[in-house]
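Participant: Have a peek at protein.cif (mmCIF, N, CA and C atoms).
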```cif
data_start
loop_
_atom_site.group_PDB
_atom_site.id
_atom_site.type_symbol
_atom_site.label_atom_id
_atom_site.label_comp_id
_atom_site.auth_asym_id
_atom_site.auth_seq_id
_atom_site.Cartn_x
_atom_site.Cartn_y
_atom_site.Cartn_z
ATOM 1 N N MET A 20 -29.364 111.310 121.420
ATOM 2 C CA MET A 20 -30.511 112.035 120.933
ATOM 3 C C MET A 20 -30.032 113.105 119.960
ATOM 4 N N VAL A 21 -30.831 113.339 118.936
ATOM 5 C CA VAL A 21 -30.496 114.347 117.927
ATOM 6 C C VAL A 21 -31.450 115.536 118.059
ATOM 7 N N ILE A 22 -31.118 116.628 117.392
ATOM 8 C CA ILE A 22 -31.884 117.862 117.510
ATOM 9 C C ILE A 22 -33.334 117.680 117.080
ATOM 10 N N ALA A 23 -33.568 116.937 116.003
ATOM 11 C CA ALA A 23 -34.938 116.736 115.516
ATOM 12 C C ALA A 23 -35.815 116.040 116.558
ATOM 13 N N GLU A 24 -35.266 115.076 117.276
ATOM 14 C CA GLU A 24 -36.018 114.396 118.337
ATOM 15 C C GLU A 24 -36.307 115.348 119.497
ATOM 16 N N ALA A 25 -35.346 116.142 119.862
ATOM 17 C CA ALA A 25 -35.490 117.048 120.998
ATOM 18 C C ALA A 25 -36.495 118.155 120.722
ATOM 19 N N LYS A 26 -36.645 118.574 119.488
ATOM 20 C CA LYS A 26 -37.569 119.655 119.150
ATOM 21 C C LYS A 26 -39.025 119.273 119.402
ATOM 22 N N ARG A 27 -39.334 117.987 119.473
ATOM 23 C CA ARG A 27 -40.707 117.545 119.759
ATOM 24 C C ARG A 27 -41.146 117.942 121.162
ATOM 25 N N TYR A 28 -40.201 118.197 122.052
ATOM 26 C CA TYR A 28 -40.500 118.495 123.456
ATOM 27 C C TYR A 28 -40.478 119.986 123.789
ATOM 28 N N LEU A 29 -40.232 120.840 122.830
ATOM 29 C CA LEU A 29 -40.149 122.274 123.093
ATOM 30 C C LEU A 29 -41.466 122.818 123.623
ATOM 31 N N GLY A 30 -41.375 123.681 124.624
ATOM 32 C CA GLY A 30 -42.546 124.302 125.209
ATOM 33 C C GLY A 30 -43.275 123.437 126.210
ATOM 34 N N ARG A 31 -42.703 122.301 126.588
ATOM 35 C CA ARG A 31 -43.346 121.376 127.517
ATOM 36 C C ARG A 31 -42.516 121.231 128.795
ATOM 37 N N HIS A 32 -43.191 120.811 129.854
ATOM 38 C CA HIS A 32 -42.495 120.416 131.077
ATOM 39 C C HIS A 32 -42.095 118.961 130.889
ATOM 40 N N CYS A 33 -40.814 118.681 131.079
ATOM 41 C CA CYS A 33 -40.302 117.337 130.821
ATOM 42 C C CYS A 33 -39.379 116.881 131.952
ATOM 43 N N SER A 34 -39.315 115.586 132.099
ATOM 44 C CA SER A 34 -38.333 114.968 132.971
ATOM 45 C C SER A 34 -37.158 114.590 132.084
ATOM 46 N N VAL A 35 -36.003 115.176 132.336
ATOM 47 C CA VAL A 35 -34.820 114.952 131.503
ATOM 48 C C VAL A 35 -33.775 114.196 132.318
ATOM 49 N N THR A 36 -33.363 113.051 131.802
ATOM 50 C CA THR A 36 -32.314 112.259 132.444
ATOM 51 C C THR A 36 -31.050 112.393 131.602
ATOM 52 N N PHE A 37 -29.948 112.745 132.268
ATOM 53 C CA PHE A 37 -28.683 112.936 131.560
ATOM 54 C C PHE A 37 -27.525 112.533 132.459
ATOM 55 N N ARG A 38 -26.358 112.399 131.861
ATOM 56 C CA ARG A 38 -25.147 112.049 132.615
ATOM 57 C C ARG A 38 -24.373 113.328 132.944
ATOM 58 N N ASP A 39 -23.971 113.437 134.217
ATOM 59 C CA ASP A 39 -23.196 114.609 134.617
ATOM 60 C C ASP A 39 -21.721 114.397 134.279
ATOM 61 N N ARG A 40 -20.876 115.286 134.744
ATOM 62 C CA ARG A 40 -19.439 115.217 134.420
ATOM 63 C C ARG A 40 -18.758 113.953 134.930
ATOM 64 N N ARG A 41 -19.272 113.413 136.030
ATOM 65 C CA ARG A 41 -18.689 112.193 136.592
ATOM 66 C C ARG A 41 -19.273 110.926 135.989
ATOM 67 N N GLY A 42 -20.288 111.066 135.138
ATOM 68 C CA GLY A 42 -20.908 109.909 134.514
ATOM 69 C C GLY A 42 -22.132 109.389 135.260
ATOM 70 N N ASP A 43 -22.506 110.057 136.351
ATOM 71 C CA ASP A 43 -23.691 109.657 137.109
ATOM 72 C C ASP A 43 -24.942 110.171 136.411
ATOM 73 N N GLU A 44 -26.020 109.371 136.458
ATOM 74 C CA GLU A 44 -27.274 109.812 135.862
ATOM 75 C C GLU A 44 -28.005 110.764 136.798
ATOM 76 N N VAL A 45 -28.475 111.871 136.247
ATOM 77 C CA VAL A 45 -29.203 112.894 136.988
ATOM 78 C C VAL A 45 -30.535 113.095 136.273
ATOM 79 N N THR A 46 -31.627 113.203 137.041
ATOM 80 C CA THR A 46 -32.939 113.477 136.465
ATOM 81 C C THR A 46 -33.455 114.795 137.021
ATOM 82 N N LYS A 47 -33.845 115.688 136.121
ATOM 83 C CA LYS A 47 -34.377 116.991 136.527
ATOM 84 C C LYS A 47 -35.641 117.280 135.735
ATOM 85 N N THR A 48 -36.520 118.062 136.338
ATOM 86 C CA THR A 48 -37.731 118.508 135.671
ATOM 87 C C THR A 48 -37.476 119.901 135.113
ATOM 88 N N LEU A 49 -37.590 120.031 133.801
ATOM 89 C CA LEU A 49 -37.295 121.288 133.123
ATOM 90 C C LEU A 49 -38.451 121.687 132.218
ATOM 91 N N HIS A 50 -38.634 122.983 132.051
ATOM 92 C CA HIS A 50 -39.509 123.495 130.995
ATOM 93 C C HIS A 50 -38.578 123.829 129.839
ATOM 94 N N LEU A 51 -38.694 123.093 128.737
ATOM 95 C CA LEU A 51 -37.758 123.249 127.629
ATOM 96 C C LEU A 51 -38.156 124.422 126.741
ATOM 97 N N HIS A 52 -37.215 125.361 126.585
ATOM 98 C CA HIS A 52 -37.466 126.564 125.806
ATOM 99 C C HIS A 52 -36.943 126.459 124.380
ATOM 100 N N ASP A 53 -35.783 125.826 124.199
ATOM 101 C CA ASP A 53 -35.157 125.838 122.879
ATOM 102 C C ASP A 53 -34.106 124.743 122.779
ATOM 103 N N VAL A 54 -33.731 124.426 121.548
ATOM 104 C CA VAL A 54 -32.593 123.554 121.263
ATOM 105 C C VAL A 54 -31.659 124.375 120.389
ATOM 106 N N GLN A 55 -30.424 124.550 120.827
ATOM 107 C CA GLN A 55 -29.461 125.378 120.103
ATOM 108 C C GLN A 55 -28.192 124.600 119.815
ATOM 109 N N PHE A 56 -27.577 124.904 118.688
ATOM 110 C CA PHE A 56 -26.263 124.361 118.378
ATOM 111 C C PHE A 56 -25.234 125.422 118.709
ATOM 112 N N VAL A 57 -24.321 125.089 119.602
ATOM 113 C CA VAL A 57 -23.278 126.013 120.025
ATOM 114 C C VAL A 57 -21.966 125.565 119.377
ATOM 115 N N PRO A 58 -21.379 126.391 118.518
ATOM 116 C CA PRO A 58 -20.121 125.999 117.870
ATOM 117 C C PRO A 58 -19.060 125.598 118.904
ATOM 118 N N LEU A 59 -18.328 124.574 118.602
ATOM 119 C CA LEU A 59 -17.274 123.987 119.433
ATOM 120 C C LEU A 59 -17.808 123.170 120.625
ATOM 121 N N TYR A 60 -19.096 123.283 120.948
ATOM 122 C CA TYR A 60 -19.656 122.545 122.083
ATOM 123 C C TYR A 60 -20.746 121.569 121.671
ATOM 124 N N GLY A 61 -21.454 121.819 120.591
ATOM 125 C CA GLY A 61 -22.499 120.928 120.120
ATOM 126 C C GLY A 61 -23.895 121.414 120.464
ATOM 127 N N ALA A 62 -24.860 120.496 120.382
ATOM 128 C CA ALA A 62 -26.265 120.840 120.601
ATOM 129 C C ALA A 62 -26.583 120.867 122.095
ATOM 130 N N TYR A 63 -27.427 121.827 122.495
ATOM 131 C CA TYR A 63 -27.827 121.993 123.889
ATOM 132 C C TYR A 63 -29.333 122.148 124.005
ATOM 133 N N LEU A 64 -29.910 121.536 125.046
ATOM 134 C CA LEU A 64 -31.285 121.788 125.442
ATOM 135 C C LEU A 64 -31.269 123.007 126.345
ATOM 136 N N ILE A 65 -32.077 123.997 126.036
ATOM 137 C CA ILE A 65 -32.155 125.209 126.840
ATOM 138 C C ILE A 65 -33.410 125.097 127.695
ATOM 139 N N GLY A 66 -33.220 124.991 129.003
ATOM 140 C CA GLY A 66 -34.338 124.857 129.927
ATOM 141 C C GLY A 66 -34.443 126.040 130.856
ATOM 142 N N ASP A 67 -35.508 126.055 131.659
ATOM 143 C CA ASP A 67 -35.716 127.166 132.581
ATOM 144 C C ASP A 67 -34.735 127.144 133.742
ATOM 145 N N ILE A 68 -34.259 125.976 134.122
ATOM 146 C CA ILE A 68 -33.345 125.860 135.258
ATOM 147 C C ILE A 68 -31.897 125.664 134.810
ATOM 148 N N GLU A 69 -31.725 124.894 133.748
ATOM 149 C CA GLU A 69 -30.384 124.462 133.375
ATOM 150 C C GLU A 69 -30.314 124.201 131.877
ATOM 151 N N ASP A 70 -29.122 124.318 131.301
ATOM 152 C CA ASP A 70 -28.865 123.934 129.919
ATOM 153 C C ASP A 70 -28.127 122.602 129.947
ATOM 154 N N VAL A 71 -28.550 121.671 129.085
ATOM 155 C CA VAL A 71 -27.985 120.324 129.089
ATOM 156 C C VAL A 71 -27.464 120.001 127.700
ATOM 157 N N CYS A 72 -26.247 119.491 127.639
ATOM 158 C CA CYS A 72 -25.665 119.065 126.372
ATOM 159 C C CYS A 72 -26.471 117.867 125.850
ATOM 160 N N LEU A 73 -26.911 117.934 124.617
ATOM 161 C CA LEU A 73 -27.758 116.899 124.044
ATOM 162 C C LEU A 73 -27.037 115.559 123.955
ATOM 163 N N ASP A 74 -25.723 115.569 123.856
ATOM 164 C CA ASP A 74 -24.956 114.318 123.816
ATOM 165 C C ASP A 74 -25.035 113.556 125.135
ATOM 166 N N ARG A 75 -25.301 114.244 126.227
ATOM 167 C CA ARG A 75 -25.352 113.619 127.547
ATOM 168 C C ARG A 75 -26.750 113.125 127.918
ATOM 169 N N VAL A 76 -27.786 113.524 127.156
ATOM 170 C CA VAL A 76 -29.160 113.148 127.476
ATOM 171 C C VAL A 76 -29.382 111.668 127.175
ATOM 172 N N THR A 77 -29.945 110.959 128.155
ATOM 173 C CA THR A 77 -30.264 109.541 127.958
ATOM 174 C C THR A 77 -31.752 109.302 127.788
ATOM 175 N N ASN A 78 -32.598 110.209 128.356
ATOM 176 C CA ASN A 78 -34.041 110.029 128.274
ATOM 177 C C ASN A 78 -34.764 111.353 128.508
ATOM 178 N N ILE A 79 -35.824 111.569 127.732
ATOM 179 C CA ILE A 79 -36.720 112.707 127.952
ATOM 180 C C ILE A 79 -38.142 112.151 127.996
ATOM 181 N N CYS A 80 -38.888 112.578 128.997
ATOM 182 C CA CYS A 80 -40.275 112.138 129.145
ATOM 183 C C CYS A 80 -41.136 113.362 129.407
ATOM 184 N N SER A 81 -42.163 113.564 128.575
ATOM 185 C CA SER A 81 -43.064 114.703 128.748
ATOM 186 C C SER A 81 -43.951 114.477 129.962
ATOM 187 N N LEU A 82 -44.135 115.512 130.777
ATOM 188 C CA LEU A 82 -44.971 115.417 131.962
ATOM 189 C C LEU A 82 -46.377 115.954 131.712
ATOM 190 N N GLU A 83 -46.653 116.377 130.494
ATOM 191 C CA GLU A 83 -47.971 116.932 130.166
ATOM 192 C C GLU A 83 -48.803 115.924 129.422
#
```
Can you turn what I pasted into structure tokens?
Facilitator:
Amino acid sequence: MVIAEAKRYLGRHCSVTFRDRRGDEVTKTLHLHDVQFVPLYGAYLIGDIEDVCLDRVTNICSLE
């Protein structure tokens, strides 16, 4: 997923599926606040509960 795709979900409650450090898929419900590019780390989804590296995201589904 790229930053332009992720920006469509800002301000919404979403179900975000991503791969954790071990490669297992994890699904969490987040309210997405922002998408930021962090130098040396890449793009991140900024949520109310957790920040997720955009490279690890496999699926985002809006719950609204």
Participant: I need every residue sitting at most 8 Å from the point (-27.9, 114.3, 123.5) (coordinates as in the file, only N, CA and C atoms considered), written as a ChimeraX atom specification.
Facilitator: /A:20-22,62-64,71-78
Participant: Edge lengths and centre in Å to one decimal, as lines of an AutoDock Vina configuration file, is what I'm after for the box along x, y and z that holds all listed atoms of range 34-43 of chain A once 8 Å is added on each side.
Facilitator:
```
center_x = -29.0
center_y = 112.5
center_z = 134.3
size_x = 36.6
size_y = 22.2
size_z = 21.6
```
Participant: Where does the PyMOL selection byres ((chain A and resi 34) around 6) land in this file, that is, which residues does it pick, as a PDB file with N, CA and C atoms, in the coordinates of the input?
Facilitator:
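What ended up in selection.pdb:
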```pdb
ATOM      1  N   HIS A  32     -43.191 120.811 129.854  1.00  0.00           N
ATOM      2  CA  HIS A  32     -42.495 120.416 131.077  1.00  0.00           C
ATOM      3  C   HIS A  32     -42.095 118.961 130.889  1.00  0.00           C
ATOM      4  N   CYS A  33     -40.814 118.681 131.079  1.00  0.00           N
ATOM      5  CA  CYS A  33     -40.302 117.337 130.821  1.00  0.00           C
ATOM      6  C   CYS A  33     -39.379 116.881 131.952  1.00  0.00           C
ATOM      7  N   VAL A  35     -36.003 115.176 132.336  1.00  0.00           N
ATOM      8  CA  VAL A  35     -34.820 114.952 131.503  1.00  0.00           C
ATOM      9  C   VAL A  35     -33.775 114.196 132.318  1.00  0.00           C
ATOM     10  N   THR A  36     -33.363 113.051 131.802  1.00  0.00           N
ATOM     11  CA  THR A  36     -32.314 112.259 132.444  1.00  0.00           C
ATOM     12  C   THR A  36     -31.050 112.393 131.602  1.00  0.00           C
ATOM     13  N   LYS A  47     -33.845 115.688 136.121  1.00  0.00           N
ATOM     14  CA  LYS A  47     -34.377 116.991 136.527  1.00  0.00           C
ATOM     15  C   LYS A  47     -35.641 117.280 135.735  1.00  0.00           C
ATOM     16  N   THR A  48     -36.520 118.062 136.338  1.00  0.00           N
ATOM     17  CA  THR A  48     -37.731 118.508 135.671  1.00  0.00           C
ATOM     18  C   THR A  48     -37.476 119.901 135.113  1.00  0.00           C
ATOM     19  N   LEU A  49     -37.590 120.031 133.801  1.00  0.00           N
ATOM     20  CA  LEU A  49     -37.295 121.288 133.123  1.00  0.00           C
ATOM     21  C   LEU A  49     -38.451 121.687 132.218  1.00  0.00           C
ATOM     22  N   ASN A  78     -32.598 110.209 128.356  1.00  0.00           N
ATOM     23  CA  ASN A  78     -34.041 110.029 128.274  1.00  0.00           C
ATOM     24  C   ASN A  78     -34.764 111.353 128.508  1.00  0.00           C
ATOM     25  N   ILE A  79     -35.824 111.569 127.732  1.00  0.00           N
ATOM     26  CA  ILE A  79     -36.720 112.707 127.952  1.00  0.00           C
ATOM     27  C   ILE A  79     -38.142 112.151 127.996  1.00  0.00           C
ATOM     28  N   CYS A  80     -38.888 112.578 128.997  1.00  0.00           N
ATOM     29  CA  CYS A  80     -40.275 112.138 129.145  1.00  0.00           C
ATOM     30  C   CYS A  80     -41.136 113.362 129.407  1.00  0.00           C
ATOM     31  N   SER A  81     -42.163 113.564 128.575  1.00  0.00           N
ATOM     32  CA  SER A  81     -43.064 114.703 128.748  1.00  0.00           C
ATOM     33  C   SER A  81     -43.951 114.477 129.962  1.00  0.00           C
ATOM     34  N   LEU A  82     -44.135 115.512 130.777  1.00  0.00           N
ATOM     35  CA  LEU A  82     -44.971 115.417 131.962  1.00  0.00           C
ATOM     36  C   LEU A  82     -46.377 115.954 131.712  1.00  0.00           C
TER      37      LEU A  82
END
```
Participant: Could you pull out every residue with an atom within 6.5 Å of (-38.3, 130.9, 129.1), file coordinates, counting all atoms listed in the file, and send them as a PyMOL selection string?
Facilitator: chain A and resi 52+66-67
Participant: At what distance in Å, to one decimal, does atom N of Arg40 in chain A lie from atom C of Ala23 in chain A?
Facilitator: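 Computing it gives 23.5 Å between the two atoms.
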Participant: Could you check how far atom C of Leu51 in chain A sits from CA of Tyr28 in chain A, in Å to one decimal?
Facilitator: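 If I compute the distance from atom C of Leu51 in chain A to CA of Tyr28 in chain A, I get 7.2 Å.
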Participant: Give me every strand (DSSP E or B) residue in range 23-67 of chain A, going by DSSP on the backbone, as a list in words.
Facilitator: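 Those in range 23-67 of chain A that DSSP calls strand (DSSP E or B) are His32, Cys33, Ser34, Val35, Thr36, Phe37, Arg38, Glu44, Val45, Thr46, Lys47, Thr48, Leu49, His50, Leu51, His52, Asp53, Val54, Gln55, Phe56, Val57, Gly61, Ala62, Tyr63, Leu64, Ile65 and Gly66 of chain A.
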Participant: Find the distance between CA of Arg27 in chain A and atom N of Leu59 in chain A and write it in Å to one decimal.
Facilitator: 23.5 Å
